[in-house]
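The file model-v1.csv comes next; it holds CSV, C-alpha atoms and all ligand atoms.
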chain,number,residue,atom,x,y,z
I,120,MET,CA,0.0,0.0,0.0
I,121,LYS,CA,1.2,3.4,-0.9
I,122,LYS,CA,1.8,6.0,1.8
I,123,THR,CA,-0.8,8.8,1.7
I,124,ILE,CA,-0.7,12.4,2.9
I,125,LYS,CA,-2.2,11.1,6.2
I,126,ASP,CA,0.9,9.0,6.9
I,127,TYR,CA,3.0,12.1,7.4
I,128,GLU,CA,3.4,14.7,10.2
I,129,LEU,CA,2.8,17.9,8.3
I,130,ASN,CA,3.0,20.6,10.9
I,131,GLY,CA,5.6,23.2,9.9
I,132,LYS,CA,6.7,21.1,7.0
I,133,LYS,CA,7.1,22.4,3.5
I,134,VAL,CA,4.8,20.1,1.6
I,135,ILE,CA,5.0,20.1,-2.2
I,136,ILE,CA,1.7,18.9,-3.7
I,137,ARG,CA,1.7,18.0,-7.4
I,138,CYS,CA,-1.8,18.9,-8.6
I,139,ASP,CA,-3.6,18.6,-11.9
I,140,PHE,CA,-4.7,22.1,-12.7
I,141,ASN,CA,-4.7,21.5,-16.4
I,142,VAL,CA,-8.0,23.4,-16.9
I,143,PRO,CA,-9.4,25.0,-20.0
I,144,ILE,CA,-8.7,28.8,-19.9
I,145,GLU,CA,-10.0,31.3,-22.4
I,146,ASN,CA,-8.8,34.9,-22.2
I,147,GLY,CA,-7.8,34.4,-18.6
I,148,ILE,CA,-11.2,32.9,-17.7
I,149,ILE,CA,-11.3,29.3,-16.4
I,150,LYS,CA,-14.0,27.5,-18.3
I,151,ASP,CA,-14.3,24.3,-16.2
I,152,GLU,CA,-13.3,24.2,-12.5
I,153,THR,CA,-13.8,20.5,-11.9
I,154,ARG,CA,-10.1,19.8,-11.6
I,155,LEU,CA,-9.6,22.7,-9.2
I,156,LYS,CA,-12.4,21.5,-7.0
I,157,ALA,CA,-11.1,17.9,-7.1
I,158,SER,CA,-7.8,19.1,-5.6
I,159,LEU,CA,-9.3,21.0,-2.6
I,160,LYS,CA,-9.5,18.1,-0.2
I,161,THR,CA,-5.8,17.5,-0.2
I,162,ILE,CA,-4.9,21.1,0.0
I,163,ARG,CA,-7.3,21.8,2.8
I,164,TYR,CA,-6.1,18.8,4.8
I,165,ALA,CA,-2.4,20.0,4.4
I,166,ARG,CA,-3.3,23.5,5.6
I,167,LYS,CA,-5.4,22.1,8.5
I,168,MET,CA,-2.4,20.1,9.6
I,169,GLY,CA,-0.2,23.2,9.6
I,170,ALA,CA,1.8,22.6,6.5
I,171,LYS,CA,3.4,25.2,4.3
I,172,VAL,CA,1.8,24.2,1.1
I,173,ILE,CA,3.7,24.5,-2.2
I,174,LEU,CA,1.6,23.7,-5.3
I,175,LEU,CA,2.9,22.6,-8.7
I,176,SER,CA,1.0,21.8,-11.9
I,177,HIS,CA,1.4,21.7,-15.6
I,178,LEU,CA,-1.0,23.5,-18.0
I,179,GLY,CA,-1.3,22.8,-21.7
I,180,ARG,CA,1.8,22.3,-23.8
I,181,ILE,CA,4.6,24.8,-24.1
I,182,LYS,CA,6.4,24.8,-27.4
I,183,THR,CA,7.1,28.5,-28.0
I,184,LYS,CA,7.6,31.6,-25.9
I,185,GLU,CA,4.2,32.8,-27.0
I,186,ASP,CA,2.6,29.8,-25.3
I,187,LYS,CA,3.8,31.1,-22.0
I,188,GLN,CA,1.3,33.9,-22.0
I,189,LYS,CA,-1.6,31.6,-22.8
I,190,TYR,CA,-0.7,29.0,-20.3
I,191,THR,CA,0.3,30.9,-17.2
I,192,LEU,CA,-1.2,29.5,-14.0
I,193,LYS,CA,-2.0,33.0,-12.7
I,194,PRO,CA,-5.8,32.7,-13.2
I,195,VAL,CA,-5.7,29.3,-11.4
I,196,ALA,CA,-4.1,31.0,-8.3
I,197,GLU,CA,-6.8,33.6,-8.3
I,198,LYS,CA,-9.6,31.0,-8.6
I,199,LEU,CA,-8.0,28.8,-6.0
I,200,SER,CA,-7.8,31.7,-3.6
I,201,LYS,CA,-11.6,32.1,-3.9
I,202,LEU,CA,-12.3,28.4,-3.5
I,203,LEU,CA,-10.0,28.0,-0.5
I,204,ARG,CA,-11.0,31.4,1.0
I,205,LYS,CA,-7.3,31.9,1.6
I,206,LYS,CA,-4.8,33.9,-0.5
I,207,VAL,CA,-2.8,31.6,-2.8
I,208,THR,CA,0.5,33.4,-3.6
I,209,PHE,CA,1.4,33.0,-7.2
I,210,ILE,CA,5.1,33.0,-8.1
I,211,ASN,CA,5.6,33.6,-11.8
I,212,GLN,CA,8.7,31.5,-11.9
I,213,THR,CA,9.5,27.8,-12.0
I,214,ARG,CA,12.9,28.4,-10.3
I,215,GLY,CA,15.1,31.2,-9.0
I,216,GLU,CA,15.6,33.5,-6.1
I,217,LYS,CA,12.2,35.0,-6.0
I,218,LEU,CA,10.7,31.6,-5.6
I,219,GLU,CA,13.2,30.4,-3.0
I,220,THR,CA,12.7,33.6,-0.9
I,221,ALA,CA,8.9,33.3,-1.1
I,222,ILE,CA,9.2,29.7,0.1
I,223,ASN,CA,11.7,30.4,2.9
I,224,THR,CA,9.5,33.1,4.3
I,225,MET,CA,6.3,31.0,4.3
I,226,LYS,CA,4.3,30.6,7.5
I,227,ASN,CA,2.4,27.5,8.5
I,228,LYS,CA,-0.9,27.2,6.4
I,229,ASP,CA,0.4,29.6,3.7
I,230,VAL,CA,-0.1,28.4,0.1
I,231,ILE,CA,2.1,29.1,-2.9
I,232,LEU,CA,1.5,28.2,-6.5
I,233,ILE,CA,4.5,27.9,-8.7
I,234,GLU,CA,4.3,28.8,-12.4
I,235,ASN,CA,3.4,26.1,-15.0
I,236,THR,CA,5.9,23.3,-14.7
I,237,ARG,CA,5.9,22.9,-18.5
I,238,PHE,CA,7.6,26.4,-18.9
I,239,GLU,CA,10.7,24.2,-18.3
I,240,ASP,CA,9.9,22.4,-21.6
I,241,LEU,CA,11.1,25.4,-23.6
I,242,GLU,CA,14.6,24.3,-22.9
I,243,ASP,CA,15.3,20.6,-23.7
I,244,LYS,CA,11.9,19.6,-22.5
I,245,LYS,CA,13.3,19.5,-19.0
I,246,GLU,CA,9.9,18.8,-17.3
I,247,SER,CA,8.5,16.3,-19.8
I,248,ASN,CA,11.8,14.4,-20.1
I,249,ASN,CA,12.3,14.2,-16.3
I,250,ASP,CA,15.5,16.2,-16.3
I,251,GLU,CA,17.3,14.9,-13.2
I,252,MET,CA,18.6,18.3,-12.1
I,253,LEU,CA,15.2,19.9,-12.3
I,254,GLY,CA,13.5,17.2,-10.2
I,255,LYS,CA,16.3,17.5,-7.7
I,256,TYR,CA,16.0,21.3,-7.6
I,257,TRP,CA,12.2,21.2,-7.1
I,258,ALA,CA,12.7,18.6,-4.4
I,259,SER,CA,15.1,20.9,-2.6
I,260,LEU,CA,12.3,23.4,-2.1
I,261,GLY,CA,10.3,21.1,0.2
I,262,ASP,CA,10.4,18.4,2.9
I,263,ILE,CA,7.6,16.0,1.7
I,264,PHE,CA,6.2,15.3,-1.7
I,265,ILE,CA,2.6,14.5,-2.3
I,266,ASN,CA,1.4,13.4,-5.8
I,267,ASP,CA,-2.2,14.3,-6.3
I,268,ALA,CA,-2.2,14.6,-10.1
I,269,PHE,CA,-3.8,11.5,-11.4
I,270,GLY,CA,-4.1,12.8,-14.9
I,271,THR,CA,-0.3,12.7,-15.3
I,272,ILE,CA,0.4,9.6,-13.2
I,273,HIS,CA,1.3,7.7,-16.4
I,274,ARG,CA,3.9,10.2,-17.4
I,275,ASN,CA,7.5,10.3,-16.1
I,276,HIS,CA,8.0,14.0,-15.5
I,277,ALA,CA,10.4,16.0,-13.3
I,278,SER,CA,7.4,17.3,-11.3
I,279,ASN,CA,6.2,13.8,-10.3
I,280,LEU,CA,8.8,11.0,-10.7
I,281,GLY,CA,11.7,13.5,-10.5
I,282,ILE,CA,10.7,15.1,-7.2
I,283,ALA,CA,9.5,11.8,-5.6
I,284,THR,CA,13.0,10.3,-6.3
I,285,HIS,CA,14.5,12.8,-3.8
I,286,LEU,CA,11.9,13.2,-1.0
I,287,PRO,CA,9.7,11.2,1.3
I,288,SER,CA,6.5,10.8,-0.7
I,289,GLY,CA,2.9,9.9,-0.6
I,290,ILE,CA,-0.3,10.2,-2.6
I,291,GLY,CA,-3.1,12.8,-2.0
I,292,PHE,CA,-6.8,12.0,-1.6
I,293,LEU,CA,-7.6,12.4,-5.3
I,294,VAL,CA,-5.1,9.8,-6.4
I,295,GLU,CA,-6.0,7.5,-3.5
I,296,ASN,CA,-9.7,7.7,-4.5
I,297,GLU,CA,-8.9,7.1,-8.2
I,298,ILE,CA,-6.8,4.0,-7.3
I,299,LYS,CA,-9.5,2.7,-5.0
I,300,ASN,CA,-12.2,3.1,-7.6
I,301,LEU,CA,-10.3,1.8,-10.7
I,302,THR,CA,-9.0,-1.2,-8.8
I,303,LYS,CA,-12.6,-2.4,-8.4
I,304,LEU,CA,-12.6,-2.8,-12.1
I,305,ILE,CA,-9.6,-5.1,-12.1
I,306,ASP,CA,-9.6,-7.0,-8.7
I,307,ASN,CA,-12.6,-9.3,-8.3
I,308,PRO,CA,-15.1,-7.0,-10.1
I,309,LYS,CA,-18.7,-7.8,-9.2
I,310,THR,CA,-20.4,-9.6,-12.1
I,311,PRO,CA,-22.1,-9.4,-14.5
I,312,TYR,CA,-19.5,-6.9,-15.7
I,313,THR,CA,-19.9,-5.0,-18.9
I,314,ILE,CA,-17.5,-2.7,-20.6
I,315,ILE,CA,-18.6,-0.1,-23.2
I,316,LEU,CA,-15.8,1.1,-25.5
I,317,GLY,CA,-16.1,3.9,-28.0
I,318,GLY,CA,-14.2,7.0,-29.2
I,319,SER,CA,-12.3,7.2,-32.4
I,320,LYS,CA,-9.5,4.6,-32.3
I,321,VAL,CA,-9.2,0.8,-31.9
I,322,ALA,CA,-5.5,1.3,-31.5
I,323,ASP,CA,-5.9,3.2,-28.2
I,324,LYS,CA,-8.0,0.5,-26.6
I,325,ILE,CA,-6.0,-2.6,-27.5
I,326,GLY,CA,-4.2,-2.6,-24.1
I,327,VAL,CA,-7.5,-2.3,-22.1
I,328,ILE,CA,-9.2,-5.0,-24.1
I,329,ALA,CA,-6.2,-7.3,-23.5
I,330,ASN,CA,-6.2,-6.7,-19.8
I,331,LEU,CA,-9.9,-6.7,-19.1
I,332,ILE,CA,-11.5,-9.1,-21.7
I,333,ASN,CA,-11.2,-12.1,-19.4
I,334,LYS,CA,-12.6,-10.2,-16.4
I,335,ALA,CA,-15.6,-8.8,-18.2
I,336,ASP,CA,-18.7,-10.7,-19.3
I,337,TYR,CA,-19.4,-8.4,-22.3
I,338,ILE,CA,-17.7,-5.7,-24.3
I,339,LEU,CA,-20.0,-3.4,-26.2
I,340,ILE,CA,-18.3,-1.7,-29.1
I,341,SER,CA,-19.5,1.8,-30.2
I,342,GLY,CA,-18.1,5.1,-31.5
I,343,GLY,CA,-15.8,5.5,-34.5
I,344,MET,CA,-13.8,2.4,-33.5
I,345,ALA,CA,-16.9,0.2,-34.1
I,346,PHE,CA,-16.4,0.6,-37.9
I,347,THR,CA,-13.1,-1.3,-38.0
I,348,PHE,CA,-14.8,-4.1,-36.1
I,349,LEU,CA,-17.8,-4.0,-38.5
I,350,LYS,CA,-15.4,-4.0,-41.5
I,351,ALA,CA,-13.6,-7.0,-40.0
I,352,ALA,CA,-17.0,-8.7,-39.6
I,353,GLY,CA,-17.6,-8.3,-43.3
I,354,PHE,CA,-20.0,-5.3,-43.4
I,355,SER,CA,-19.7,-2.3,-45.7
I,356,ILE,CA,-19.0,0.9,-43.7
I,357,GLY,CA,-19.0,3.5,-46.4
I,358,SER,CA,-16.7,6.4,-45.6
I,359,SER,CA,-16.7,5.8,-41.8
I,360,LEU,CA,-13.5,5.7,-39.8
I,361,CYS,CA,-11.5,2.6,-40.4
I,362,GLU,CA,-8.0,1.6,-39.2
I,363,LYS,CA,-6.9,-0.8,-41.9
I,364,ASP,CA,-3.9,-2.1,-40.0
I,365,LYS,CA,-6.3,-3.1,-37.1
I,366,ILE,CA,-8.8,-5.1,-39.2
I,367,ASN,CA,-7.0,-8.4,-38.6
I,368,TYR,CA,-6.7,-7.7,-34.9
I,369,CYS,CA,-10.5,-7.1,-34.8
I,370,LYS,CA,-11.2,-10.3,-36.8
I,371,ASN,CA,-9.2,-12.4,-34.4
I,372,LEU,CA,-10.9,-10.9,-31.4
I,373,LEU,CA,-14.3,-11.5,-32.9
I,374,ASP,CA,-13.4,-15.1,-33.7
I,375,LYS,CA,-12.0,-15.8,-30.2
I,376,TYR,CA,-14.7,-13.9,-28.2
I,377,GLU,CA,-17.7,-14.3,-30.4
I,378,SER,CA,-20.3,-14.2,-27.6
I,379,LYS,CA,-18.5,-11.6,-25.5
I,380,ILE,CA,-18.1,-8.8,-28.1
I,381,VAL,CA,-21.3,-7.0,-29.0
I,382,LEU,CA,-21.3,-4.8,-32.1
I,383,PRO,CA,-23.9,-2.2,-33.2
I,384,ILE,CA,-26.8,-3.3,-35.4
I,385,ASP,CA,-27.9,0.1,-36.7
I,386,ILE,CA,-26.0,3.3,-37.3
I,387,ILE,CA,-26.8,7.0,-37.7
I,388,THR,CA,-24.9,8.2,-40.8
I,389,ALA,CA,-24.5,11.5,-42.7
I,390,LYS,CA,-22.6,12.8,-45.7
I,391,ASP,CA,-21.0,15.6,-43.8
I,392,ILE,CA,-19.8,16.1,-40.2
I,393,LYS,CA,-21.7,19.3,-39.4
I,394,GLU,CA,-24.7,20.7,-37.5
I,395,ASN,CA,-28.0,20.5,-39.2
I,396,THR,CA,-26.8,17.9,-41.7
I,397,LYS,CA,-29.3,15.3,-43.0
I,398,THR,CA,-28.9,12.0,-41.2
I,399,TYR,CA,-29.9,8.5,-42.1
I,400,GLU,CA,-30.7,5.5,-39.9
I,401,ARG,CA,-29.1,2.5,-41.5
I,402,PHE,CA,-29.0,-1.2,-40.6
I,403,LEU,CA,-25.8,-3.1,-41.2
I,404,GLY,CA,-25.4,-3.7,-44.9
I,405,GLU,CA,-27.3,-0.5,-45.8
I,406,ILE,CA,-24.5,2.1,-45.4
I,407,GLU,CA,-23.8,3.8,-48.7
I,408,GLU,CA,-20.3,4.5,-50.0
I,409,ASP,CA,-20.5,8.3,-49.4
I,410,GLU,CA,-22.0,8.0,-45.9
I,411,ILE,CA,-20.1,8.3,-42.6
I,412,GLY,CA,-21.2,6.4,-39.6
I,413,LEU,CA,-21.3,8.9,-36.8
I,414,ASP,CA,-23.5,7.4,-34.0
I,415,ILE,CA,-25.0,4.2,-32.9
I,416,GLY,CA,-28.7,3.9,-33.8
I,417,PRO,CA,-31.8,3.4,-31.5
I,418,LYS,CA,-31.9,-0.4,-32.0
I,419,THR,CA,-28.3,-0.7,-30.9
I,420,THR,CA,-29.0,1.2,-27.7
I,421,GLU,CA,-31.9,-1.2,-27.0
I,422,VAL,CA,-29.7,-4.2,-27.5
I,423,PHE,CA,-26.9,-2.6,-25.3
I,424,LYS,CA,-29.5,-1.9,-22.6
I,425,GLN,CA,-30.1,-5.6,-22.3
I,426,TYR,CA,-26.5,-6.1,-21.5
I,427,LEU,CA,-26.4,-3.2,-19.0
I,428,ASP,CA,-29.6,-3.4,-17.1
I,429,ASP,CA,-28.7,-6.2,-14.7
I,430,CYS,CA,-25.0,-5.5,-14.4
I,431,LYS,CA,-23.2,-5.1,-11.2
I,432,THR,CA,-20.2,-3.4,-12.7
I,433,ILE,CA,-20.0,-1.1,-15.8
I,434,PHE,CA,-16.9,0.6,-17.2
I,435,TRP,CA,-17.2,3.0,-20.1
I,436,ASN,CA,-14.5,4.6,-22.1
I,437,GLY,CA,-15.0,6.6,-25.3
I,438,PRO,CA,-18.2,8.3,-26.6
I,439,ALA,CA,-20.7,6.3,-28.6
I,440,GLY,CA,-20.7,8.8,-31.4
I,441,TYR,CA,-19.6,12.2,-32.6
I,442,PHE,CA,-21.2,13.7,-29.5
I,443,GLU,CA,-19.8,17.2,-30.1
I,444,LEU,CA,-22.5,17.7,-32.8
I,445,LYS,CA,-26.3,17.5,-32.0
I,446,PRO,CA,-27.3,15.1,-34.7
I,447,PHE,CA,-24.9,12.5,-33.3
I,448,GLN,CA,-25.5,12.9,-29.6
I,449,ASN,CA,-28.3,10.4,-29.0
I,450,GLY,CA,-26.3,7.3,-28.6
I,451,THR,CA,-24.0,8.7,-26.0
I,452,LYS,CA,-26.9,10.5,-24.2
I,453,THR,CA,-29.1,7.3,-24.2
I,454,LEU,CA,-26.2,5.2,-22.9
I,455,LEU,CA,-25.6,7.7,-20.1
I,456,ASN,CA,-29.2,7.5,-19.2
I,457,ILE,CA,-29.2,3.8,-19.1
I,458,ILE,CA,-26.1,3.4,-16.9
I,459,ALA,CA,-27.3,6.2,-14.6
I,460,ASN,CA,-30.4,4.2,-14.0
I,461,THR,CA,-28.8,0.8,-13.3
I,462,LYS,CA,-27.9,-0.3,-9.8
I,463,ALA,CA,-24.4,-1.2,-11.0
I,464,TYR,CA,-21.1,0.3,-9.8
I,465,THR,CA,-20.5,2.6,-12.8
I,466,VAL,CA,-17.1,4.1,-13.8
I,467,ILE,CA,-16.4,6.5,-16.7
I,468,GLY,CA,-12.8,6.9,-17.7
I,469,GLY,CA,-11.5,9.2,-20.4
I,470,GLY,CA,-11.6,12.9,-21.0
I,471,ASP,CA,-14.3,12.8,-23.8
I,472,THR,CA,-16.7,10.5,-22.0
I,473,ALA,CA,-16.3,12.5,-18.8
I,474,ARG,CA,-17.0,15.7,-20.8
I,475,ALA,CA,-20.1,14.1,-22.3
I,476,ALA,CA,-21.4,13.1,-18.8
I,477,ALA,CA,-20.9,16.7,-17.7
I,478,ASP,CA,-22.4,18.3,-20.8
I,479,PHE,CA,-25.5,16.1,-20.5
I,480,ASN,CA,-25.8,16.5,-16.7
I,481,TYR,CA,-25.2,12.9,-15.6
I,482,GLN,CA,-22.1,13.7,-13.5
I,483,ASP,CA,-23.8,13.0,-10.2
I,484,LYS,CA,-25.4,9.8,-11.3
I,485,ILE,CA,-22.2,7.9,-12.1
I,486,SER,CA,-20.3,6.1,-9.2
I,487,HIS,CA,-16.9,7.3,-10.3
I,488,ILE,CA,-15.8,9.6,-13.1
I,489,SER,CA,-12.0,9.4,-13.5
I,490,THR,CA,-10.1,12.7,-13.7
I,491,GLY,CA,-7.6,11.1,-16.0
I,492,GLY,CA,-8.2,9.9,-19.5
I,493,GLY,CA,-4.9,8.4,-20.6
I,494,ALA,CA,-4.0,7.7,-17.0
I,495,SER,CA,-7.1,5.7,-16.2
I,496,LEU,CA,-6.6,3.6,-19.4
I,497,ALA,CA,-2.9,3.1,-18.5
I,498,PHE,CA,-3.9,2.0,-15.0
I,499,LEU,CA,-6.5,-0.4,-16.4
I,500,GLU,CA,-4.1,-1.8,-18.9
I,501,GLY,CA,-1.9,-2.8,-16.0
I,502,LYS,CA,0.9,-0.7,-17.4
I,503,LYS,CA,3.9,0.1,-15.2
I,504,LEU,CA,3.3,3.6,-13.7
I,505,GLU,CA,6.7,4.7,-12.5
I,506,ALA,CA,5.4,8.0,-11.0
I,507,LEU,CA,3.1,5.9,-8.8
I,508,ASP,CA,5.6,3.0,-8.2
I,509,ILE,CA,8.2,5.5,-6.8
I,510,ILE,CA,5.8,6.6,-4.0
I,511,ASP,CA,6.9,5.3,-0.6
I,512,GLU,CA,5.2,2.2,0.7
I,513,LYS,CA,3.5,2.1,4.1
R,601,LIG,P1,-11.1,9.1,-28.3
R,601,LIG,O1,-10.2,10.3,-28.0
R,601,LIG,O2,-10.5,8.0,-29.0
R,601,LIG,O3,-11.8,8.7,-27.0
R,601,LIG,O4,-12.2,9.6,-29.2
R,601,LIG,C1,-13.1,10.6,-28.8
R,601,LIG,C2,-13.6,11.3,-30.1
R,601,LIG,O5,-14.2,10.3,-30.9
R,601,LIG,C3,-14.7,12.3,-29.8
R,601,LIG,O6,-14.2,13.5,-30.2
R,601,LIG,C4,-15.8,11.8,-30.7
R,601,LIG,O7,-16.4,12.9,-31.5
R,601,LIG,C5,-15.1,10.9,-31.7
R,601,LIG,N1,-16.1,9.9,-32.3
R,601,LIG,C6,-17.0,9.1,-31.7
R,601,LIG,N2,-17.7,8.4,-32.6
R,601,LIG,C7,-17.2,8.8,-33.8
R,601,LIG,C8,-17.5,8.3,-35.1
R,601,LIG,N3,-18.5,7.4,-35.3
R,601,LIG,N4,-16.8,8.9,-36.1
R,601,LIG,C9,-15.9,9.8,-35.9
R,601,LIG,N5,-15.5,10.2,-34.7
R,601,LIG,C10,-16.2,9.7,-33.6
What does this structure look like when you write it as structure tokens?
Ligand code: AMP
Amino acid sequence: MKKTIKDYELNGKKVIIRCDFNVPIENGIIKDETRLKASLKTIRYARKMGAKVILLSHLGRIKTKEDKQKYTLKPVAEKLSKLLRKKVTFINQTRGEKLETAINTMKNKDVILIENTRFEDLEDKKESNNDEMLGKYWASLGDIFINDAFGTIHRNHASNLGIATHLPSGIGFLVENEIKNLTKLIDNPKTPYTIILGGSKVADKIGVIANLINKADYILISGGMAFTFLKAAGFSIGSSLCEKDKINYCKNLLDKYESKIVLPIDIITAKDIKENTKTYERFLGEIEEDEIGLDIGPKTTEVFKQYLDDCKTIFWNGPAGYFELKPFQNGTKTLLNIIANTKAYTVIGGGDTARAAADFNYQDKISHISTGGGASLAFLEGKKLEALDIIDEK
């Protein structure tokens, strides 16, 4: 078991907390505060215990000097101050004298937010390549390191793996909660257990399928990835998404797990991907050459419902259709409604599916929505997660 923030005496200690403040910001306005709110429990606990709290996070990708203006964490410091009802001092540096002086003059319960860790990427991608000196330097600023950024737990960066290499370490409440919830999908999951997969690419889901197919009773395939499976099953798919190099993989899977893998039986198609476009409801075999399959149809959601209704565990990753546009939202919306009304333990993993749950107001009706897209998949694939492995054991 990993140590958590609760396993440390924090009073008077400089506690570095790696958070995930990678939030959408437009013209200095934060468009979605979910990730900020998700981090509050750990920050509040550290303050309550008398720590000097030093926060680190990445934001976006920094490739040019111009990106720095767009991706400063300043608006996050302002919003966090409001949410915590305590001034969060923003230091517009990732290293240097100003930062060190600010930290050395902190009082217990003070909070400092350091500038975007990825500003260090401008030079040799120091953050993203886990530059050893950078990790060591950041570690030198604190006494204890807490990793509470689940969204980047599958990355080996200086601000997680690097710091943890040099300090006593633990996980925060957010990461602890993610691990607890996602583990229920791998270790003795309650059955019947159904997995819904969607989104655009088969390639991204191969690892999860490999690791979970023997634990789950059914895998329902939707989204753009369904069309490579349908092609492999011998159906015409018109101009829908298709990964030619994955057709054989899909064929083998369908042969081996014939009764486990469930494919759509009807499709919503269109000739263009745009709002107000004309749509067609097609059964398999009816999709025309110039049509693109963009959502699962109503008959498919009826079939999927039968596999979901009496389940005890449901995991869903990847939207059922091109849900960003109204004509192709129904499949995703209907599936959300179905799983929200089951008695199952329900988990949504993946940025887009989580966004759909939020957009269509099902957030509170799902047992667990993971804060990490790639991270939750990597965890469920059973991949080695060095930034988590490095954390001290109890
Ligand atoms: P992913 O990042 O692989 O989870 O894919 C998410 C994206 O897949 C979303 O932006 C969806 O709009 C898109 N998507 C879902 N279904 C389809 C489809 N049938 N055709 C094209 N894109 C799709």
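Using all atoms listed in the file, the shortest contact distance between Glu408 (chain I) and any of I:Ile458, I:Phe354, I:Ile467, I:Ile392 is found at I:Phe354.
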With all atoms listed in the file as the counted atoms, please give the residues lying no more than 10 Å from region 193-201 of chain I, apart from itself and same-chain residues fewer than 4 positions off, as a short mmCIF file (atom, residue, chain, number, x, y, z; two decimals) with C-alpha atoms, in the frame of the given file.
data_model
loop_
_atom_site.label_atom_id
_atom_site.label_comp_id
_atom_site.auth_asym_id
_atom_site.auth_seq_id
_atom_site.Cartn_x
_atom_site.Cartn_y
_atom_site.Cartn_z
CA PHE I 140 -4.70 22.10 -12.70
CA ASN I 141 -4.70 21.50 -16.40
CA VAL I 142 -8.00 23.40 -16.90
CA ILE I 144 -8.70 28.80 -19.90
CA ASN I 146 -8.80 34.90 -22.20
CA GLY I 147 -7.80 34.40 -18.60
CA ILE I 148 -11.20 32.90 -17.70
CA ILE I 149 -11.30 29.30 -16.40
CA GLU I 152 -13.30 24.20 -12.50
CA LEU I 155 -9.60 22.70 -9.20
CA LYS I 156 -12.40 21.50 -7.00
CA SER I 158 -7.80 19.10 -5.60
CA LEU I 159 -9.30 21.00 -2.60
CA LEU I 174 1.60 23.70 -5.30
CA LEU I 178 -1.00 23.50 -18.00
CA GLN I 188 1.30 33.90 -22.00
CA LYS I 205 -7.30 31.90 1.60
CA LYS I 206 -4.80 33.90 -0.50
CA VAL I 207 -2.80 31.60 -2.80
CA THR I 208 0.50 33.40 -3.60
CA PHE I 209 1.40 33.00 -7.20
CA ILE I 210 5.10 33.00 -8.10
CA ASN I 211 5.60 33.60 -11.80
CA VAL I 230 -0.10 28.40 0.10
CA ILE I 231 2.10 29.10 -2.90
CA LEU I 232 1.50 28.20 -6.50
CA ILE I 233 4.50 27.90 -8.70
CA GLU I 234 4.30 28.80 -12.40
CA ASN I 235 3.40 26.10 -15.00
#
Compute the set of protein, DNA and RNA residues whose minimum atom distance to ligand LIG 601 (chain R) is at most 9 Å, using all atoms listed in the file, and state it as a CSV table (one decimal) with C-alpha atoms, keeping the file's coordinate frame.
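See out24.csv below for the written result:
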chain,number,residue,atom,x,y,z
I,316,LEU,CA,-15.8,1.1,-25.5
I,317,GLY,CA,-16.1,3.9,-28.0
I,318,GLY,CA,-14.2,7.0,-29.2
I,319,SER,CA,-12.3,7.2,-32.4
I,320,LYS,CA,-9.5,4.6,-32.3
I,321,VAL,CA,-9.2,0.8,-31.9
I,322,ALA,CA,-5.5,1.3,-31.5
I,323,ASP,CA,-5.9,3.2,-28.2
I,324,LYS,CA,-8.0,0.5,-26.6
I,341,SER,CA,-19.5,1.8,-30.2
I,342,GLY,CA,-18.1,5.1,-31.5
I,343,GLY,CA,-15.8,5.5,-34.5
I,344,MET,CA,-13.8,2.4,-33.5
I,345,ALA,CA,-16.9,0.2,-34.1
I,346,PHE,CA,-16.4,0.6,-37.9
I,359,SER,CA,-16.7,5.8,-41.8
I,360,LEU,CA,-13.5,5.7,-39.8
I,386,ILE,CA,-26.0,3.3,-37.3
I,387,ILE,CA,-26.8,7.0,-37.7
I,388,THR,CA,-24.9,8.2,-40.8
I,392,ILE,CA,-19.8,16.1,-40.2
I,411,ILE,CA,-20.1,8.3,-42.6
I,412,GLY,CA,-21.2,6.4,-39.6
I,413,LEU,CA,-21.3,8.9,-36.8
I,414,ASP,CA,-23.5,7.4,-34.0
I,415,ILE,CA,-25.0,4.2,-32.9
I,436,ASN,CA,-14.5,4.6,-22.1
I,437,GLY,CA,-15.0,6.6,-25.3
I,438,PRO,CA,-18.2,8.3,-26.6
I,439,ALA,CA,-20.7,6.3,-28.6
I,440,GLY,CA,-20.7,8.8,-31.4
I,441,TYR,CA,-19.6,12.2,-32.6
I,442,PHE,CA,-21.2,13.7,-29.5
I,443,GLU,CA,-19.8,17.2,-30.1
I,444,LEU,CA,-22.5,17.7,-32.8
I,447,PHE,CA,-24.9,12.5,-33.3
I,469,GLY,CA,-11.5,9.2,-20.4
I,470,GLY,CA,-11.6,12.9,-21.0
I,471,ASP,CA,-14.3,12.8,-23.8
I,472,THR,CA,-16.7,10.5,-22.0
I,492,GLY,CA,-8.2,9.9,-19.5
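Residues with any atom within 9 Å of Leu499 (chain I), counting all atoms listed in the file and excluding same-chain neighbours fewer than 5 positions away, are Leu301, Thr302, Leu304, Ile305, Gly326, Val327, Asn330, Leu331 and Ala494 of chain I.
Separating CA of Asp483 (chain I) from CA of Gln448 (chain I) is a distance of 19.5 Å.
Shortest separation to Asp511 (chain I) among I:Gly289, I:Gly254, I:Pro311, I:Pro446 occurs at residue I:Gly289, atoms counted being only C-alpha atoms.
When CA of Glu405 (chain I) is paired with CA of Phe423 (chain I), their separation reads 20.6 Å.
Counting from CA of Lys184 (chain I), the distance to CA of Pro143 (chain I) is 19.2 Å.
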Residues of region 207-266 of chain I at most 10 Å from region 120-128 of chain I: nearest atom pair and distance in Å, all atoms listed in the file, as a tab-separated table:
residue	atom	partner	partner_atom	distance
I:Ile263	CA	I:Tyr127	CA	8.3
I:Phe264	CA	I:Ile124	CA	8.8
I:Ile265	CA	I:Ile124	CA	6.5
I:Asn266	CA	I:Ile124	CA	9.0
